[in-house]
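One file, my_file_1.csv, is given below (CSV, C-alpha atoms).
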```
chain,number,residue,atom,x,y,z
A,1472,MET,CA,-26.6,-34.8,29.1
A,1473,LEU,CA,-27.3,-31.8,26.9
A,1474,ARG,CA,-30.6,-30.3,25.9
A,1475,VAL,CA,-30.0,-28.8,22.5
A,1476,LEU,CA,-31.8,-26.4,20.1
A,1477,ALA,CA,-30.6,-26.5,16.5
A,1478,VAL,CA,-31.4,-23.5,14.3
A,1479,ASP,CA,-31.1,-23.4,10.5
A,1480,ASP,CA,-33.4,-22.0,7.9
A,1481,GLU,CA,-32.5,-24.8,5.3
A,1482,LYS,CA,-34.7,-27.7,6.3
A,1483,PRO,CA,-32.5,-30.5,4.9
A,1484,LEU,CA,-29.5,-29.2,6.7
A,1485,LEU,CA,-31.5,-28.8,9.9
A,1486,GLU,CA,-32.8,-32.4,9.7
A,1487,GLU,CA,-29.2,-33.7,9.1
A,1488,LEU,CA,-27.9,-31.7,12.1
A,1489,LEU,CA,-30.7,-32.9,14.3
A,1490,TYR,CA,-30.1,-36.5,13.2
A,1491,LEU,CA,-26.4,-36.3,14.1
A,1492,LEU,CA,-27.1,-34.6,17.5
A,1493,ARG,CA,-29.7,-37.2,18.5
A,1494,SER,CA,-27.2,-39.9,17.6
A,1495,ASP,CA,-24.8,-38.6,20.2
A,1496,PRO,CA,-25.3,-40.3,23.6
A,1497,ARG,CA,-24.4,-37.1,25.4
A,1498,VAL,CA,-27.4,-35.3,24.0
A,1499,LEU,CA,-30.5,-35.8,26.0
A,1500,SER,CA,-32.9,-34.0,23.6
A,1501,ALA,CA,-32.5,-32.0,20.4
A,1502,GLU,CA,-35.2,-29.8,19.0
A,1503,GLY,CA,-35.1,-27.7,15.8
A,1504,ALA,CA,-36.1,-24.2,14.7
A,1505,SER,CA,-36.2,-23.2,11.1
A,1506,ASP,CA,-35.9,-19.4,11.5
A,1507,ALA,CA,-34.7,-16.7,14.0
A,1508,THR,CA,-38.3,-15.9,15.2
A,1509,GLU,CA,-39.0,-19.5,16.1
A,1510,ALA,CA,-35.6,-19.8,17.7
A,1511,LEU,CA,-36.1,-16.7,19.9
A,1512,ARG,CA,-39.6,-17.9,20.9
A,1513,ARG,CA,-38.2,-21.2,22.0
A,1514,ILE,CA,-35.1,-19.7,23.8
A,1515,THR,CA,-37.3,-17.1,25.6
A,1516,ARG,CA,-39.4,-20.0,26.9
A,1517,ALA,CA,-36.3,-21.7,28.1
A,1518,LEU,CA,-35.0,-18.6,29.8
A,1519,GLU,CA,-38.3,-18.1,31.6
A,1520,SER,CA,-38.3,-21.8,32.6
A,1521,GLY,CA,-34.8,-21.5,34.1
A,1522,PRO,CA,-31.7,-23.7,33.5
A,1523,ASP,CA,-33.3,-26.5,35.5
A,1524,GLY,CA,-36.8,-26.1,34.2
A,1525,PRO,CA,-38.7,-28.4,31.9
A,1526,ASP,CA,-38.1,-26.1,28.9
A,1527,GLY,CA,-34.4,-25.5,29.6
A,1528,ILE,CA,-31.8,-25.4,26.8
A,1529,ASP,CA,-28.1,-26.0,27.5
A,1530,VAL,CA,-26.7,-25.3,24.0
A,1531,VAL,CA,-27.9,-23.6,20.8
A,1532,PHE,CA,-26.3,-24.9,17.6
A,1533,LEU,CA,-26.8,-21.8,15.4
A,1534,ASP,CA,-26.5,-21.1,11.7
A,1535,ILE,CA,-25.2,-17.6,10.9
A,1536,HIS,CA,-26.8,-16.7,7.5
A,1537,MET,CA,-30.6,-16.7,7.9
A,1538,ALA,CA,-33.5,-14.6,6.7
A,1539,GLY,CA,-34.2,-11.7,9.0
A,1540,LEU,CA,-32.0,-11.9,12.1
A,1541,THR,CA,-28.7,-13.6,11.7
A,1542,GLY,CA,-27.2,-16.1,14.1
A,1543,LEU,CA,-24.8,-13.4,15.3
A,1544,ASP,CA,-27.8,-11.1,16.0
A,1545,ILE,CA,-29.3,-13.9,18.1
A,1546,ALA,CA,-26.1,-14.4,20.0
A,1547,ARG,CA,-25.8,-10.7,20.8
A,1548,LEU,CA,-29.3,-10.7,22.2
A,1549,LEU,CA,-28.6,-13.7,24.4
A,1550,ALA,CA,-25.4,-12.1,25.7
A,1551,GLY,CA,-27.6,-9.7,27.6
A,1552,PHE,CA,-29.1,-12.4,29.8
A,1553,ALA,CA,-27.6,-13.6,33.1
A,1554,LEU,CA,-27.7,-17.3,32.3
A,1555,PRO,CA,-28.0,-17.8,28.5
A,1556,PRO,CA,-27.5,-21.1,26.8
A,1557,LEU,CA,-24.1,-21.9,25.3
A,1558,ILE,CA,-23.7,-21.1,21.6
A,1559,VAL,CA,-22.1,-23.3,18.9
A,1560,PHE,CA,-22.1,-21.7,15.4
A,1561,VAL,CA,-22.6,-24.0,12.5
A,1562,THR,CA,-21.9,-22.2,9.2
A,1563,ALA,CA,-20.5,-22.5,5.7
A,1564,HIS,CA,-18.5,-19.3,6.1
A,1565,GLU,CA,-15.2,-19.2,8.0
A,1566,GLY,CA,-15.0,-15.4,7.9
A,1567,PHE,CA,-17.1,-14.8,11.0
A,1568,ALA,CA,-15.0,-16.8,13.5
A,1569,VAL,CA,-13.5,-13.7,15.2
A,1570,GLN,CA,-17.0,-12.2,15.8
A,1571,ALA,CA,-18.3,-15.6,17.0
A,1572,PHE,CA,-15.6,-16.0,19.7
A,1573,ASP,CA,-16.0,-12.3,20.7
A,1574,LEU,CA,-19.5,-13.4,21.6
A,1575,LYS,CA,-18.1,-16.3,23.7
A,1576,ALA,CA,-19.1,-19.1,21.4
A,1577,VAL,CA,-18.1,-22.5,22.5
A,1578,ASP,CA,-17.2,-23.6,19.0
A,1579,TYR,CA,-17.4,-22.8,15.3
A,1580,VAL,CA,-18.2,-25.7,13.1
A,1581,LEU,CA,-18.0,-25.4,9.3
A,1582,LYS,CA,-20.5,-27.0,6.9
A,1583,PRO,CA,-20.8,-29.6,5.5
A,1584,VAL,CA,-20.8,-30.9,9.1
A,1585,ARG,CA,-18.7,-34.0,9.7
A,1586,PRO,CA,-19.9,-36.3,12.5
A,1587,GLU,CA,-16.6,-36.3,14.3
A,1588,ARG,CA,-16.3,-32.5,14.2
A,1589,LEU,CA,-19.8,-32.2,15.6
A,1590,ALA,CA,-18.9,-34.7,18.3
A,1591,GLU,CA,-16.0,-32.5,19.3
A,1592,ALA,CA,-18.3,-29.5,19.6
A,1593,VAL,CA,-20.6,-31.5,21.8
A,1594,ARG,CA,-17.6,-32.5,23.9
A,1595,ARG,CA,-16.5,-28.8,24.3
A,1596,ALA,CA,-20.1,-27.8,25.3
A,1597,CYS,CA,-20.2,-30.7,27.9
A,1598,ALA,CA,-16.8,-29.6,29.3
A,1599,GLN,CA,-17.8,-26.0,29.6
A,1600,LEU,CA,-21.1,-26.9,31.4
A,1601,GLY,CA,-19.1,-29.2,33.7
A,1602,ARG,CA,-16.7,-26.4,34.6
A,1603,ALA,CA,-19.6,-24.0,35.3
A,1604,ALA,CA,-21.3,-26.6,37.5
A,1605,GLU,CA,-18.0,-27.0,39.5
A,1606,ARG,CA,-17.8,-23.3,40.1
A,1607,ALA,CA,-21.5,-23.0,41.3
A,1608,PRO,CA,-21.8,-22.7,45.1
A,1609,GLU,CA,-23.0,-25.9,46.7
A,1610,PRO,CA,-26.1,-25.8,49.0
A,1611,ALA,CA,-25.4,-25.9,52.7
A,1612,GLY,CA,-25.5,-29.4,54.2
A,1613,PRO,CA,-23.3,-32.2,55.4
A,1614,ALA,CA,-20.3,-32.8,53.2
A,1615,VAL,CA,-20.5,-36.0,51.3
A,1616,PRO,CA,-17.3,-37.2,49.6
A,1617,VAL,CA,-17.8,-37.7,45.8
A,1618,GLN,CA,-15.6,-40.0,43.8
A,1619,ARG,CA,-14.9,-38.2,40.6
A,1620,ARG,CA,-13.8,-39.8,37.4
A,1621,PRO,CA,-10.4,-38.4,36.2
A,1622,ALA,CA,-10.9,-35.6,33.7
A,1623,ALA,CA,-10.3,-36.6,30.1
A,1624,PRO,CA,-7.1,-35.2,28.8
A,1625,GLU,CA,-7.4,-32.3,26.3
A,1626,PRO,CA,-7.0,-33.5,22.7
A,1627,ALA,CA,-3.5,-33.3,21.3
A,1628,ALA,CA,-2.6,-30.3,19.1
A,1629,ALA,CA,-4.2,-30.5,15.6
A,1630,GLU,CA,-1.0,-31.8,14.0
A,1631,ARG,CA,-0.5,-35.1,12.2
A,1632,ALA,CA,3.3,-34.9,12.1
A,1633,PRO,CA,5.8,-32.5,13.6
A,1634,ASP,CA,6.3,-30.8,10.2
A,1635,GLN,CA,2.6,-30.3,9.5
A,1636,ILE,CA,-0.5,-28.7,11.0
A,1637,ALA,CA,-4.1,-29.7,10.2
A,1638,VAL,CA,-6.5,-27.0,8.9
A,1639,GLU,CA,-10.2,-27.3,8.2
A,1640,LEU,CA,-12.0,-25.6,5.3
A,1641,GLY,CA,-15.6,-26.4,4.4
A,1642,GLY,CA,-15.5,-29.7,6.2
A,1643,VAL,CA,-12.3,-30.8,4.5
A,1644,THR,CA,-9.1,-31.3,6.5
A,1645,ARG,CA,-5.8,-30.4,4.8
A,1646,PHE,CA,-2.3,-30.6,6.2
A,1647,VAL,CA,-0.1,-27.5,5.8
A,1648,ALA,CA,3.7,-27.7,6.0
A,1649,ILE,CA,4.9,-25.5,8.9
A,1650,ALA,CA,7.8,-24.5,6.7
A,1651,ASP,CA,5.3,-22.9,4.3
A,1652,ILE,CA,3.9,-20.5,7.0
A,1653,ALA,CA,5.3,-17.0,6.8
A,1654,TYR,CA,3.5,-15.5,9.8
A,1655,VAL,CA,0.6,-16.1,12.1
A,1656,GLU,CA,-2.0,-13.6,13.1
A,1657,ALA,CA,-4.1,-13.8,16.3
A,1658,GLN,CA,-7.9,-13.8,15.9
A,1659,GLY,CA,-9.5,-14.3,19.2
A,1660,ASP,CA,-9.2,-18.0,20.3
A,1661,TYR,CA,-8.1,-18.7,16.7
A,1662,ALA,CA,-4.9,-18.1,14.8
A,1663,ARG,CA,-4.7,-17.4,11.1
A,1664,LEU,CA,-1.8,-19.0,9.3
A,1665,HIS,CA,-0.5,-17.0,6.3
A,1666,THR,CA,1.3,-18.8,3.5
A,1667,ASP,CA,2.3,-17.8,0.0
A,1668,GLY,CA,-0.8,-19.5,-1.3
A,1669,GLY,CA,-3.3,-18.0,1.1
A,1670,SER,CA,-4.4,-18.2,4.7
A,1671,HIS,CA,-5.9,-20.8,7.0
A,1672,LEU,CA,-7.8,-20.5,10.3
A,1673,VAL,CA,-7.0,-22.9,13.2
A,1674,ARG,CA,-8.5,-23.1,16.7
A,1675,ILE,CA,-5.2,-22.7,18.5
A,1676,PRO,CA,-4.2,-19.6,20.5
A,1677,LEU,CA,-1.2,-17.6,19.3
A,1678,SER,CA,0.6,-18.1,22.6
A,1679,THR,CA,0.4,-21.9,22.1
A,1680,LEU,CA,1.9,-21.7,18.7
A,1681,GLU,CA,4.6,-19.4,19.9
A,1682,GLU,CA,5.7,-21.9,22.5
A,1683,ARG,CA,5.4,-24.9,20.1
A,1684,TRP,CA,7.2,-23.4,17.2
A,1685,ALA,CA,10.0,-21.4,18.9
A,1686,ALA,CA,12.5,-24.1,18.0
A,1687,ARG,CA,11.4,-23.7,14.3
A,1688,GLY,CA,12.4,-20.1,14.2
A,1689,PHE,CA,9.1,-18.4,14.9
A,1690,VAL,CA,9.4,-15.3,17.0
A,1691,ARG,CA,6.7,-13.1,18.6
A,1692,ILE,CA,6.9,-9.5,17.3
A,1693,HIS,CA,3.6,-8.2,18.5
A,1694,ARG,CA,0.7,-9.4,20.7
A,1695,ARG,CA,-1.1,-10.1,17.4
A,1696,HIS,CA,1.8,-11.6,15.3
A,1697,LEU,CA,4.2,-14.5,15.2
A,1698,VAL,CA,6.7,-14.5,12.4
A,1699,ALA,CA,9.0,-17.1,10.8
A,1700,LEU,CA,12.4,-15.4,11.2
A,1701,GLY,CA,13.7,-16.7,8.0
A,1702,ARG,CA,10.8,-15.2,6.1
A,1703,ILE,CA,11.5,-11.6,7.1
A,1704,ASP,CA,12.6,-9.6,4.0
A,1705,GLU,CA,13.1,-6.2,5.6
A,1706,LEU,CA,13.4,-4.6,9.0
A,1707,ARG,CA,12.3,-0.9,8.9
A,1708,LEU,CA,12.9,1.8,11.4
A,1709,ASP,CA,10.8,4.9,11.0
A,1710,ALA,CA,10.3,7.8,13.5
A,1711,GLY,CA,10.8,5.5,16.4
A,1712,THR,CA,8.6,2.7,15.2
A,1713,THR,CA,9.8,-0.7,13.9
A,1714,SER,CA,8.1,-2.9,11.3
A,1715,VAL,CA,9.1,-5.9,9.2
A,1716,ARG,CA,8.1,-6.8,5.7
A,1717,VAL,CA,7.2,-10.5,5.2
A,1718,GLY,CA,6.4,-10.9,1.5
A,1719,PRO,CA,3.7,-8.3,0.6
A,1720,ALA,CA,2.7,-7.8,4.3
A,1721,GLU,CA,4.1,-5.1,6.5
A,1722,LEU,CA,3.8,-5.9,10.2
A,1723,GLN,CA,4.3,-3.7,13.2
A,1724,VAL,CA,6.8,-4.7,15.8
A,1725,SER,CA,6.0,-3.7,19.4
A,1726,ARG,CA,8.5,-1.9,21.5
A,1727,ARG,CA,8.9,-4.8,23.9
A,1728,HIS,CA,9.9,-7.2,21.1
A,1729,ALA,CA,11.9,-4.8,18.9
A,1730,ARG,CA,15.3,-5.2,20.6
A,1731,GLN,CA,15.1,-9.0,20.7
A,1732,LEU,CA,14.1,-9.1,17.1
A,1733,ARG,CA,17.0,-6.9,15.9
A,1734,GLU,CA,19.4,-9.1,17.9
A,1735,LEU,CA,18.0,-12.3,16.4
A,1736,LEU,CA,18.2,-10.8,12.8
A,1737,MET,CA,21.8,-9.6,13.4
A,1738,ARG,CA,22.8,-13.1,14.7
A,1739,GLN,CA,21.2,-14.7,11.7
A,1740,ALA,CA,22.9,-12.4,9.3
A,1741,THR,CA,26.4,-13.0,10.9
A,1742,GLY,CA,25.9,-16.6,11.6
```

Final structure tokens representation of the file:
Amino acid sequence: MLRVLAVDDEKPLLEELLYLLRSDPRVLSAEGASDATEALRRITRALESGPDGPDGIDVVFLDIHMAGLTGLDIARLLAGFALPPLIVFVTAHEGFAVQAFDLKAVDYVLKPVRPERLAEAVRRACAQLGRAAERAPEPAGPAVPVQRRPAAPEPAAAERAPDQIAVELGGVTRFVAIADIAYVEAQGDYARLHTDGGSHLVRIPLSTLEERWAARGFVRIHRRHLVALGRIDELRLDAGTTSVRVGPAELQVSRRHARQLRELLMRQATG
């Protein structure tokens, strides 16, 4: 059961967020703060109370754009504490995802908030708190066997069909054809999918996409990039460095991947 603080300086959005949180049976309590100052005062009281104290907070659902301190500023301040509450960012802007996950955010929810998407953020927070509790040392005493319920399986990959992947933008879910993706760029726990028409952010690690899409002709060329082999227009060798051109983008190829990439391109050209 989560004790939640929701922070947003737009009152109607804060009230809607609190309503959705309080409707979730996994949320024990949900309080609101309408600005950074109020939020910090409430979080400070929680930290002084301790995680098991009467004023404790397990998760802060935090807007990014606010007057004065931003949500990112608050998260940076909390990162300096030994046992800070978890952070879930709730924002209308997708461009801060990398910074958010660098700050160890549990999730990044885009506005307008959909109830099922918020429920997934609550699930992730519960899972992370559960893992932390399992890692905590148990007090000395006689061992008592505990019957545990089997862990719920992780949700399947965000794909509706083998040829598509779901992407979320501003609370709207769209389905992008994998064949339209030219290359993928790692951005923390996220991956950015680049197509001819733009780019999309998904919460799937690059390593997972590399494994999942290997049979579709996607190859790793760098720790940051996965490329559709058939979308490579040029392979360039210059002063010992290798790069590829994929449409207008020029991407570096790491030394460890250069030989394999050249062999794959030669095989493709002569096949």

Checklist line | Neighbour residues at most 7 Å from (-7.0, -24.5, 11.8) (only C-alpha atoms) as a list in words | finding: Ala1637, Val1638, Glu1639, His1671, Leu1672, Val1673 and Arg1674 of chain A

Next item on the list: Enumerate, as number ranges by chain, the protein, DNA and RNA residues whose atoms approach (-33.2, -18.5, 18.5) to within 10 Å, taking into account only C-alpha atoms and the coordinate frame of the file.
Entry: A: 1476-1479, 1503-1515, 1531-1534, 1540-1542, 1544-1546, 1548-1549

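For the choices A:Ile1703, A:Ile1649, A:Leu1708, A:Val1698, the atom-to-atom distance to Arg1726 (chain A) is smallest for A:Leu1708 when using all atoms listed in the file.
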
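Counting all atoms listed in the file, the residue from A:Ile1535, A:Ala1517, A:Ile1652, A:Leu1589 that sits nearest to Leu1489 (chain A) is A:Leu1589.
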
Next item on the list: Pick out the closest residue to Gly1566 (chain A) from this set: A:Pro1586, A:Ser1670, A:Ala1710, A:Arg1474. Count only C-alpha atoms.
Entry: A:Ser1670

Item checked: d(CA of Ala1653 (chain A), CA of His1665 (chain A)) in Å -> 5.8 Å

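The closest residue to Leu1518 (chain A), picked from A:Leu1554, A:Leu1581, A:Leu1600, A:Val1593 and counting all atoms listed in the file, is A:Leu1554.
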
Note to self: If I take CA of His1536 (chain A) and CA of Ser1520 (chain A), how far is one from the other in Å, to one decimal?
What the structure shows: 28.1 Å

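The closest residue to Glu1705 (chain A), picked from A:Thr1679, A:Val1559, A:Leu1732, A:Arg1727 and counting all atoms listed in the file, is A:Leu1732.
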
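Proximity ranking of A:Arg1493, A:Arg1687, A:Arg1695, A:Arg1594 relative to Glu1656 (chain A) places A:Arg1695 first, based on all atoms listed in the file.
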
If you count all atoms listed in the file, which residues fall within 10 Å of Ala1699 (chain A), apart from same-chain ones fewer than 3 positions away, as a compact mmCIF listing (two decimals) with C-alpha atoms, in the frame of the given file?
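Okay, this is what ended up in selection.txt:
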```
# COMPACT_ATOMS: atom_id res chain seq x y z
CA ILE A 1649 4.90 -25.50 8.90
CA ALA A 1650 7.80 -24.50 6.70
CA ASP A 1651 5.30 -22.90 4.30
CA ILE A 1652 3.90 -20.50 7.00
CA ALA A 1653 5.30 -17.00 6.80
CA TYR A 1654 3.50 -15.50 9.80
CA VAL A 1655 0.60 -16.10 12.10
CA TRP A 1684 7.20 -23.40 17.20
CA ALA A 1685 10.00 -21.40 18.90
CA ARG A 1687 11.40 -23.70 14.30
CA GLY A 1688 12.40 -20.10 14.20
CA PHE A 1689 9.10 -18.40 14.90
CA VAL A 1690 9.40 -15.30 17.00
CA ARG A 1691 6.70 -13.10 18.60
CA ARG A 1702 10.80 -15.20 6.10
CA ILE A 1703 11.50 -11.60 7.10
CA VAL A 1717 7.20 -10.50 5.20
```
